Each structure stands twice: as C-alpha cells, then as structure tokens.
Amino acid sequence: MAQRLKEVDVVVIGVGMVGSIVAKELAAAGFKVVGLERGQTRSTVPEFQSPGIHDELRFDIRKALMQDNTREPVTFRNQGSQVALPLRRWESFLPGTGLGGSMVHWNGQTYRFQANDFQLATRTRERYGKNFLDPDVTIQDWGVTYDELEPHYDRFEYLLGTSGKAGNIQGKIQPGGDPHESPRSREYPTPPQKEHYQGALFRKAAVSLGYHPFPQPSSNLSEPYTNPEGMKLNACVFCGFCERYACEHYAKSVPQTVILPVLLANPNFELRTGCQVQRINLDSTKKKATGVTYIDAVGREFEQPAALVITSTFALNNVRMLLLSGIGTPYDPATGRGVVGRNYAYQTMSSVASFFDEDVFINPFMASGASGTLINDFAGDNFDHSGLGFIGGAFIGAVNTNGRPIEYHPVPPGTPNWGKGWKDAVVKHYNHTVMFSLHGSSVAQKQNYLDLDPTYRDAWGQPLLRMTFDFPQNDLKMAAYVTAKGVEIGKAMGAKQVAGAPRKAPYTTQTYQTTHNTGGTVMGADPKTSVVNRYLQSWDVPNVFVIGASAYPQNATWNPTDTLGALTYWAIDALKNKYLKNPGPLVPA
Amino acid sequence: MDKQRRDQPRKDTLSRRSFVTTVGAASVIPATALLSPTAEALTPAAPPAPSVTPSDKITYLFFNAAEVQFIEPACERLIPADESGPGALGAGVTNYLDKQLGGAWGAGERLYRSGPWQPGTPSQGYQLPFTPAELFHTSLRAISQDLAARGTPFHDMSADAQDAYLKSLESGAHDLDGVPSAVFFDMLLKMTVEGFFSDPAYGGNRNMVAWRMIGFPGAYADYFESIDQHGVKFVREPMSLAEDGQGHLHMRPDIPANL
C-alpha cells in the first residue's frame, strides 16, 4: 500500500536538463517543487574526476552512465508484422540516467533549428506542391514558430555559454558564421573553440567548392564564462572525452555546471533520487492529475500528490509515462487514429572517411565534443529539392570528437575484420584519416511508432516501451544524396582514398548512430494529431506538461538539445505567466 | 579560473610522470620533449615500442587449461605480432578476457536477462539466454570436441589452418552446442579488440603497447596549446589511468562537492 505524502505545488519527473531548469524557475517563483530522479546523485566532484573518468572501456563500451537496461530496456522491431524483442544491451542509442540526465554525457553540439523546420508541412506544400511526398509521410507543423522561440533559444544559449560565431544577427549576414541560419538576436555568448586539423582541411575544401563552412557551435567552452545564474565555467582543454563521459573540468555545460547548484540551494525545492515513478495518477474524470506514484530505492511505494505534474524525462520515457498513466489515446497505425506514440522519428546518420598518406598527422584525439567545422549548404531546405524525391538534408562536417581507439580505428573498405591485414590497416590509418559526419533529418512516417510491449516487463512489473521503426524511403534517398556531396568534399581535400557510407535500411539497433530519439508526444495545433498543445500542455489532462524531444513532430537536420532548451523556456514562460495564474487549458481543444 | 592557473598543475603532473616513465622504460626520448604537451613535445621522434616478454605469465582464473590451449593461439591469430609490435598474446589480451569473463561482465553485467527467448533478426541483436561466461564455456567445449573429431587440436595447427578454422567459425558454419559460431566469434573478436586497446588497468594492452603502435596518447592530455598546431606529429609517452589524476581534484571553491 502506497504511503501518501503531503501535497506539493509541482512534481517534476526526471531531474535532467529540462527538469532542472523548470524546477529552478518554479521554485524561484515561490512554488513548492519536488524533483523525482530515478538515478543517483552525481557531482563534478567527486564522481566526474580522474583517473576514473577517462576510461574508454567503462564509459564507451560498458556504457556506465546509461539507463539501467537490465531493469528497464526497450523492445524493438523493424516492422509491425515482426515480434519485438528486448534490446539486451544498448548500442544504437544511449539514454542516460541519474542527476543531470542524458545531458551529462552529451557532446555539447548546440544548433538551432531553422524557421522552416517549425512549419515543415506548410512550407513543403508551398514550395514543392501537395503531392511531393510519399503518402505515408506524416510530417506536420509544430504549432510554434521560430520567431516565437528565438528569445528562448537565446536565453538557453546564454545559460550554457555556447561558443560559436553568428551567421545572421537580426537579418544581417555575418562573415564567418552560418549564412543559412535563421536570424538570431545577438552574437553567441563566447567565441568559437579552436579549430582542429580535420576542421581546417574540411574548411579549405568546402570553400574551394563554393560552400559556406562555419565553426560548430559548442557548449564545451572556448573561454571562461559566467552565466546569468552566476555559475562559472572553465575553458575546454580538448581532452577528447566528451560524449558518453562527464567533464571533470567544469568546461562542458551540463546541469551540474550551469544550474543545479542554484536549484539545490533553494529551500522550495526538494530532490529525491532513486525514485522510479510508476505512473501519473488521475482523478475519476481522467481529466485531472492528482500526483504521481513512485517506488523508492529500497522498494517502498509512495503517492506524491501535486497540483501540477511535469514529465521531463528522456523522450522515450516521456512517451512511456503517458502510456502507463492512460493519458491521451495511444496511436494505432492500422487506423491512423490516436496520438500517443505517433510520429516517432530519429536521425539519419551517414559518414565519409578520407584516408591520407602517413606523413599527414591528423591527431584525432585532440578534440572536444563540438570543435569541428561544417556546412549547412545541404541541410534542411537550404537547397532546391525539386526532382529529388525527398525533403530534408544533412549538415556535412569534420566534426570528429575523439580518437579513443576501441571504438575509433578507421580502416578502408575491403580491409579484413582481423589478422595481419586488419592490424596493418589500423596502424596505417589511425592517425591519418579525416572523418565527416553527415547528420541527417528524419521524417515521421505512419508505420514508425511507440507503444507498450505486450510481453516484456521492467523490474517493477510494468510493460516495456515497444519501438517499431525503419528508415523511411525519403530519408534513405536523402542520405544517398548528401553522402555523394560529402565524398566530393573529401576528394577536394586531396585525400588518397575517400569512402562514403550512406545510411541504409534496415535500421539496426546494433551500431551506435545517435541518441536523438524524438516524437511520440508531439506538439501541435490540433488534438487529433498532437498529444500536447503549443505550450507542451496535455490536451487531455491540462495539469500535466510533457517537456522533451518527444514533442518534436519530426526531427530536423541538427542535434536536438538547443531546441529542447528553447522549448523548455517557452513552456516555463507559459506556465509562469499564464497557467499558474489561472490553471486550465491554455488552448481550447 | 584563468588559463595559467589551469595549466600549472597539469605541467607538474606531466613532469613527475614523465621522469618515472623515462627511467622505467629506458626510453630514448629526450627528457625535454616530455615536459609538457606544447611545441617542445611535438617533435618528429617516435618512442620505440617496449618489448613484452613471455615472462609476463598469466594466472588464468576463468579459462581451464584446455580452453587456454585454444584461446591463446586464436587471439594471436586475430591480432598477430609483427614488425609493428606485439599481437594479442604479447599485449596480454587473454589475461583481459580471463578477468572480464571471470567477473561481472562474464556474469551478465548490463545484459537484460528476462525471457521469453527467441531468435531475433540481426537488427534486434543478441537474443541468447547465455551470459558471456556461459557462452564462452559452451562454445569452447564444442570447439574442442569438434577439433578432437577432426584429429588436430587448434594449437597444433599451422597458422593458415588456424585462420581457416577461425573463418569457418566467423561465417557461422558451426553449431556450438546451441551457440551459432558467428555469435561466439563476434564476441571473441570484440573482446580481443577491447583487450588490445583498453587501459592496462584491465589486464591487456600491457605497457600501452597498442596505444604506442597507433600513436594514441592515452587516458588523458590537455591539448589546449597543441590542437591548432595542425599536422604536427604528437609525441609523448602515453598515459594510463594509473598515471592520470594523481589524486588531483579539479575543485571549485564556488561550487560545493557532493551536490
């Protein structure tokens, strides 16, 4: 029997980046906030320190910072006709756990989406006509525009101290920045990081082909910075241990370095770790949440009543939380009806490897998670798609983040998998190869969705999330197109051999691609095709807000974190200035 | 914290470590090249790979004697010794395998182990009920029986014959008492590469031989001053986890430890 606790104003599920920011703002506004985090407390000192933190085996291979998949995996199948089976180990994507969430192990790549992305369905129809796309593609507008989000992007980037070079300030194109970006109100908080050799080689080749290279916006900082919360960050030293690791230097912008100490100092906030939320509780009308039920680290069950519930977990877990709680109608791919779990999307990752002679020393180990150089000439809708048969695109960049050798030892196609031939190739190419990442968009498609698994359960006895996903034809065509462009740049660099690897079907969970899982609780203007309204408020249960990349109706070209930060401040603005003054639906259904 | 203050303790660390390493490994690198990862260290001289002697005997705790007779030569065929440096055996990879399989990883650490069980598609990944320890023991027993029936144990085969047998395992030609041989081979190869390139703290990559072979400087370095010296060969003794840190914490007076 659950022990009933004293009611609070707000309960926040998941104390990662979103949860930390929301809790900080609402606690500062005078509300009593409880944060429930399933993982453990973690701080820069002592958890993120040497010597342990630079251990490739423990963090890259054994995935020490990730969601405990022995208790809470995901089941997967490519097609609805197959039986989904549990992912017995994480490989393709890596959700984090613990205080600070997945952002603790991010790379710090901090891109905005473009104005076009937020009105993708409308703009695609206007530019290419209404029959341009495969009828199974279910892209839609976000219900919020870039102009509305711009001040919130700005606020989030200044919280992080992001290092970069603006390409468009209030409509004026800036030399050295990305000329394709949508207008920003001011320059980045700090200048770009130093450029590594791969980036410099890429830049020269891209310019020779008439493209527009620019420095990767990085939240591994180029110089010391004090953010508006008074938090002080250091300059990054390019140790090459960013993604899948925590930063020991206070140089990567994560909740621990940009906001958590401020939040934890506020007596209006209470952090409880080791708490696995089982469901959001509803009253008999099913239109009002009464709080949450959780099980603590030693197995005791509690009911935490609250006037407002915010679920701010990783995208996949937000979807599962709504499904387990009975909030919103689950999506049915057979009829196209229902919304929860609909429009699951990913990222379409391709690569190009350029092999140089052994007198060219690339030093891949000198890098931060975001110290590369890239172009947006083939991203989003920055090029004419007429006659190409697809929408979307990829950024192409020399954005390699490390030279950690268990994972990183590039060899040309045709190299044996083992033996002397393999060893020779590893020795010959390790320090003499430039890798491009082609970071591609992902359209939503009606066959790709998330629901609850009928068979497999978590350690608490609840159904696992079931993922049904394969790459849409749209995205495979896009991957082939942009990879050919990347190969041309590799050749223009003067590499001896250039090998493009466009992403191909079927989607496999067995090779790492990216942790940019999106959709499933998408935002929008129409409750028939969205789970939350434009303020990330549940259409069905107005005192529940769902904040995460689960809100993206489809995924754009770029890494999703900056947009999630902007949406977080956008939702907070609506909470503080509208909802909490007069609780109820912010948009009439 | 300004850059000078940040760099200072790192340089101290490097010079202490480099001194010890230079003496211990009888390296021919001039001591000045080891003082800091700055321009002085970016010299074109490569450190020689230290030799690994057979006297680095392994105490096997997981593999039995018969299993060792397969696993040692098999790993050495996967990564053979040659002019570029030691192979898997010289690097201590079988010691790494032994300790991993005998510990938490072998017992199924980070492996979701609830049924029901059924074969999946390649994109669904590993779906056998075996832990890595069970998978190795089962597969190695079946391999031993198979080779006994063929008349030549693995360690008595020629290198070419060993390669041919390993290729037959890789292609999945054998049913190893329920384990598809391709699944076993895949796990063996993955763990061999792990043992070769992981930190020496885990029992392989002895003397960081694999890191020296490719030019990876190891667990830690501050490249702030060298990242924009493009195309220069970076020469410095690699650093293992045992040498990284040295008890130095990056404390911040304004942010308390243990949030």
# chains A, B, ... in the order shown; residues from 1 in each chain; ligands from 1

$ interface_residues --of "chain A" --to "chain B" --cutoff "7 Å" --atoms "only C-alpha atoms" --output "PDB file with C-alpha atoms, in the first residue's frame"
ATOM      1  CA  SER A  43      28.525  15.913  -8.950  1.00  0.00           C
ATOM      2  CA  VAL A  45      33.496  16.389  -7.610  1.00  0.00           C
ATOM      3  CA  PRO A  46      33.891  13.576  -6.816  1.00  0.00           C
ATOM      4  CA  GLN A  49      37.063  13.218 -11.666  1.00  0.00           C
ATOM      5  CA  SER A  50      40.238  11.468 -12.822  1.00  0.00           C
ATOM      6  CA  PRO A  51      41.508   8.914 -13.057  1.00  0.00           C
ATOM      7  CA  GLY A  52      38.225   7.038 -13.485  1.00  0.00           C
ATOM      8  CA  HIS A  54      38.823   8.809 -18.857  1.00  0.00           C
ATOM      9  CA  ASP A  55      38.150   5.078 -19.067  1.00  0.00           C
ATOM     10  CA  GLU A  56      37.041   4.115 -22.561  1.00  0.00           C
ATOM     11  CA  LEU A  57      36.108   0.573 -21.620  1.00  0.00           C
ATOM     12  CA  ASN A  69      18.857  -1.727 -19.280  1.00  0.00           C
ATOM     13  CA  THR A  70      18.881  -4.785 -17.032  1.00  0.00           C
ATOM     14  CA  PHE A  76      12.307  -3.301 -30.829  1.00  0.00           C
ATOM     15  CA  ARG A  77      11.218  -4.481 -34.270  1.00  0.00           C
ATOM     16  CA  LEU A  85      12.381  -8.364 -28.739  1.00  0.00           C
ATOM     17  CA  LEU A  87      17.373  -4.710 -26.609  1.00  0.00           C
ATOM     18  CA  ARG A  88      19.511  -6.788 -24.283  1.00  0.00           C
ATOM     19  CA  ARG A  89      22.292  -4.228 -24.496  1.00  0.00           C
ATOM     20  CA  LYS A 194      39.897  26.465 -31.684  1.00  0.00           C
ATOM     21  CA  GLU A 195      39.665  24.548 -34.961  1.00  0.00           C
ATOM     22  CA  HIS A 196      41.258  21.105 -35.141  1.00  0.00           C
ATOM     23  CA  TYR A 197      43.205  19.907 -38.169  1.00  0.00           C
ATOM     24  CA  ASN A 234      36.171  26.989 -17.470  1.00  0.00           C
ATOM     25  CA  VAL A 237      41.204  21.655 -22.991  1.00  0.00           C
ATOM     26  CA  PHE A 238      40.201  19.278 -25.840  1.00  0.00           C
ATOM     27  CA  CYS A 239      40.913  16.056 -23.926  1.00  0.00           C
ATOM     28  CA  GLU A 248      35.943  16.869 -14.968  1.00  0.00           C
ATOM     29  CA  HIS A 249      36.893  20.463 -15.840  1.00  0.00           C
ATOM     30  CA  PRO A 261      23.789  24.289  -7.593  1.00  0.00           C
ATOM     31  CA  VAL A 360      49.762  13.701 -42.681  1.00  0.00           C
ATOM     32  CA  PHE A 361      49.187  13.701 -38.907  1.00  0.00           C
ATOM     33  CA  ILE A 362      45.539  14.282 -38.094  1.00  0.00           C
ATOM     34  CA  MET A 366      42.709  16.371 -29.890  1.00  0.00           C
ATOM     35  CA  PRO A 405      40.865   3.507 -30.062  1.00  0.00           C
ATOM     36  CA  ILE A 406      38.493   0.694 -29.030  1.00  0.00           C
ATOM     37  CA  TRP A 418      41.012  -9.346 -38.188  1.00  0.00           C
ATOM     38  CA  GLY A 419      44.512 -10.732 -38.657  1.00  0.00           C
ATOM     39  CA  LYS A 420      47.603  -9.069 -40.032  1.00  0.00           C
ATOM     40  CA  LYS A 423      46.334  -4.709 -37.871  1.00  0.00           C
ATOM     41  CA  VAL A 427      48.322   1.204 -37.760  1.00  0.00           C
ATOM     42  CA  TYR A 430      44.565   5.624 -37.257  1.00  0.00           C
ATOM     43  CA  TYR A 507      17.646   0.273 -39.247  1.00  0.00           C
ATOM     44  CA  THR A 508      19.761  -1.764 -36.851  1.00  0.00           C
ATOM     45  CA  THR A 509      19.896  -1.299 -33.095  1.00  0.00           C
ATOM     46  CA  GLN A 510      23.345  -2.896 -33.092  1.00  0.00           C
TER      47      GLN A 510
END

$ residues_around --residues "segment 180-188 of chain A" --least-positions-apart "4" --cutoff "7 Å" --atoms "only C-alpha atoms" --output "list in words"
Gln114, Ala115, Glu150, Thr162, Ser163, Gly164, Lys165, Ala166, Gly167, Asn168, Ile169, Gln170, Gly171, Asn376 and Asn382 of chain A

$ write_last_selection --atoms "N, CA and C atoms" --output "PDB file, in the first residue's frame"
ATOM      1  N   GLN A 114      15.927  25.675 -38.023  1.00  0.00           N
ATOM      2  CA  GLN A 114      15.636  26.855 -38.839  1.00  0.00           C
ATOM      3  C   GLN A 114      14.133  27.146 -38.849  1.00  0.00           C
ATOM      4  N   ALA A 115      13.793  28.388 -39.194  1.00  0.00           N
ATOM      5  CA  ALA A 115      12.379  28.797 -39.208  1.00  0.00           C
ATOM      6  C   ALA A 115      11.526  27.810 -40.008  1.00  0.00           C
ATOM      7  N   GLU A 150      12.721  32.316 -30.614  1.00  0.00           N
ATOM      8  CA  GLU A 150      14.055  32.932 -30.655  1.00  0.00           C
ATOM      9  C   GLU A 150      14.531  33.458 -29.294  1.00  0.00           C
ATOM     10  N   THR A 162      27.322  29.005 -24.770  1.00  0.00           N
ATOM     11  CA  THR A 162      27.726  28.369 -26.031  1.00  0.00           C
ATOM     12  C   THR A 162      28.744  29.191 -26.835  1.00  0.00           C
ATOM     13  N   SER A 163      29.769  28.482 -27.343  1.00  0.00           N
ATOM     14  CA  SER A 163      30.854  29.095 -28.114  1.00  0.00           C
ATOM     15  C   SER A 163      30.570  28.950 -29.605  1.00  0.00           C
ATOM     16  N   GLY A 164      30.482  30.048 -30.305  1.00  0.00           N
ATOM     17  CA  GLY A 164      30.196  29.954 -31.737  1.00  0.00           C
ATOM     18  C   GLY A 164      30.334  31.295 -32.411  1.00  0.00           C
ATOM     19  N   LYS A 165      30.003  31.305 -33.704  1.00  0.00           N
ATOM     20  CA  LYS A 165      30.043  32.540 -34.492  1.00  0.00           C
ATOM     21  C   LYS A 165      28.694  32.690 -35.170  1.00  0.00           C
ATOM     22  N   ALA A 166      28.012  33.788 -34.891  1.00  0.00           N
ATOM     23  CA  ALA A 166      26.700  34.021 -35.505  1.00  0.00           C
ATOM     24  C   ALA A 166      26.858  34.207 -37.003  1.00  0.00           C
ATOM     25  N   GLY A 167      25.874  33.739 -37.757  1.00  0.00           N
ATOM     26  CA  GLY A 167      25.878  33.931 -39.207  1.00  0.00           C
ATOM     27  C   GLY A 167      24.830  34.919 -39.652  1.00  0.00           C
ATOM     28  N   ASN A 168      23.872  35.200 -38.757  1.00  0.00           N
ATOM     29  CA  ASN A 168      22.771  36.087 -39.116  1.00  0.00           C
ATOM     30  C   ASN A 168      22.261  36.757 -37.845  1.00  0.00           C
ATOM     31  N   ILE A 169      22.627  38.030 -37.663  1.00  0.00           N
ATOM     32  CA  ILE A 169      22.135  38.769 -36.497  1.00  0.00           C
ATOM     33  C   ILE A 169      21.088  39.763 -36.973  1.00  0.00           C
ATOM     34  N   GLN A 170      19.858  39.519 -36.557  1.00  0.00           N
ATOM     35  CA  GLN A 170      18.713  40.384 -36.901  1.00  0.00           C
ATOM     36  C   GLN A 170      18.619  40.628 -38.406  1.00  0.00           C
ATOM     37  N   GLY A 171      18.903  39.573 -39.172  1.00  0.00           N
ATOM     38  CA  GLY A 171      18.745  39.668 -40.630  1.00  0.00           C
ATOM     39  C   GLY A 171      20.009  40.064 -41.373  1.00  0.00           C
ATOM     40  N   ASN A 376      26.135  23.936 -43.872  1.00  0.00           N
ATOM     41  CA  ASN A 376      24.693  23.714 -43.891  1.00  0.00           C
ATOM     42  C   ASN A 376      24.127  23.862 -45.301  1.00  0.00           C
ATOM     43  N   ASN A 382      17.766  24.121 -47.370  1.00  0.00           N
ATOM     44  CA  ASN A 382      18.711  25.127 -47.854  1.00  0.00           C
ATOM     45  C   ASN A 382      19.111  24.919 -49.308  1.00  0.00           C
TER      46      ASN A 382
END

$ select_by_dssp --residues "segment 310-354 of chain A" --states "alpha helix (DSSP H)" --output "PyMOL selection string"
chain A and resi 315-325

$ closest_residue --among "A:Ala495, A:Met321, A:Ala200, A:Leu388" --to "Tyr294 of chain A" --atoms "only C-alpha atoms"
A:Met321

$ select_by_dssp --residues "segment 222-402 of chain A" --states "strand (DSSP E)" --output "PyMOL selection string"
chain A and resi 225-226+232-233+269-273+276-282+289-295+301-311+348-355+373-375+394-398

$ residues_around --residues "Ala2 of chain A" --least-positions-apart "5" --cutoff "7 Å" --atoms "only C-alpha atoms" --output "compact mmCIF listing (two decimals) with C-alpha atoms, in the first residue's frame"
# COMPACT_ATOMS: atom_id res chain seq x y z
CA GLU A 301 5.81 2.79 -2.60
CA PHE A 302 4.72 6.41 -2.19
CA GLU A 303 1.99 8.60 -3.54

$ residues_around --residues "Ala306 of chain A" --least-positions-apart "6" --cutoff "10 Å" --atoms "only C-alpha atoms" --output "ChimeraX atom specification"
/A:5-12,32-34,281,289-292,543

$ write_last_selection --atoms "C-alpha atoms" --output "compact mmCIF listing (two decimals), in the first residue's frame"
# COMPACT_ATOMS: atom_id res chain seq x y z
CA LEU A 5 2.76 12.17 1.27
CA LYS A 6 1.91 15.81 1.81
CA GLU A 7 0.72 17.60 -1.32
CA VAL A 8 3.13 19.94 -3.11
CA ASP A 9 2.56 22.53 -5.84
CA VAL A 10 4.65 20.83 -8.51
CA VAL A 11 6.18 17.42 -9.04
CA VAL A 12 8.87 17.13 -11.71
CA LYS A 32 6.99 24.11 -3.62
CA VAL A 33 8.62 21.71 -6.07
CA VAL A 34 9.64 18.07 -5.64
CA ASN A 281 -2.38 9.44 -11.09
CA ALA A 289 -3.85 14.58 -12.45
CA THR A 290 -3.70 14.21 -8.67
CA GLY A 291 0.04 13.49 -8.43
CA VAL A 292 2.33 10.53 -9.03
CA ASN A 543 -2.35 19.98 -15.26

$ atom_distance --atom1 "atom CA of Glu229 of chain A" --atom2 "atom CA of Ile259 of chain A"
6.9 Å

$ residues_around --residues "Phe314 of chain A" --least-positions-apart "2" --cutoff "7 Å" --atoms "only C-alpha atoms" --output "PDB file with C-alpha atoms, in the first residue's frame"
ATOM      1  CA  PRO A  95      19.618   7.257 -22.841  1.00  0.00           C
ATOM      2  CA  SER A 312      10.697  15.948 -18.186  1.00  0.00           C
ATOM      3  CA  LEU A 316      11.270   7.663 -24.967  1.00  0.00           C
ATOM      4  CA  ASN A 317      10.426   7.643 -21.266  1.00  0.00           C
ATOM      5  CA  ASN A 318       8.034  10.598 -21.584  1.00  0.00           C
ATOM      6  CA  GLY A 548      11.124  16.709 -24.032  1.00  0.00           C
TER       7      GLY A 548
END

$ atom_distance --atom1 "atom CA of Gly341 of chain A" --atom2 "atom CA of Val309 of chain A"
19.7 Å

$ residues_around --residues "segment 174-185 of chain B" --least-positions-apart "6" --cutoff "7 Å" --atoms "only C-alpha atoms" --output "list in words"
Thr138, Ser139, Ala142 and Ile143 of chain B

$ atom_distance --atom1 "atom CA of Thr401 of chain A" --atom2 "atom CA of Gly240 of chain A"
6.2 Å
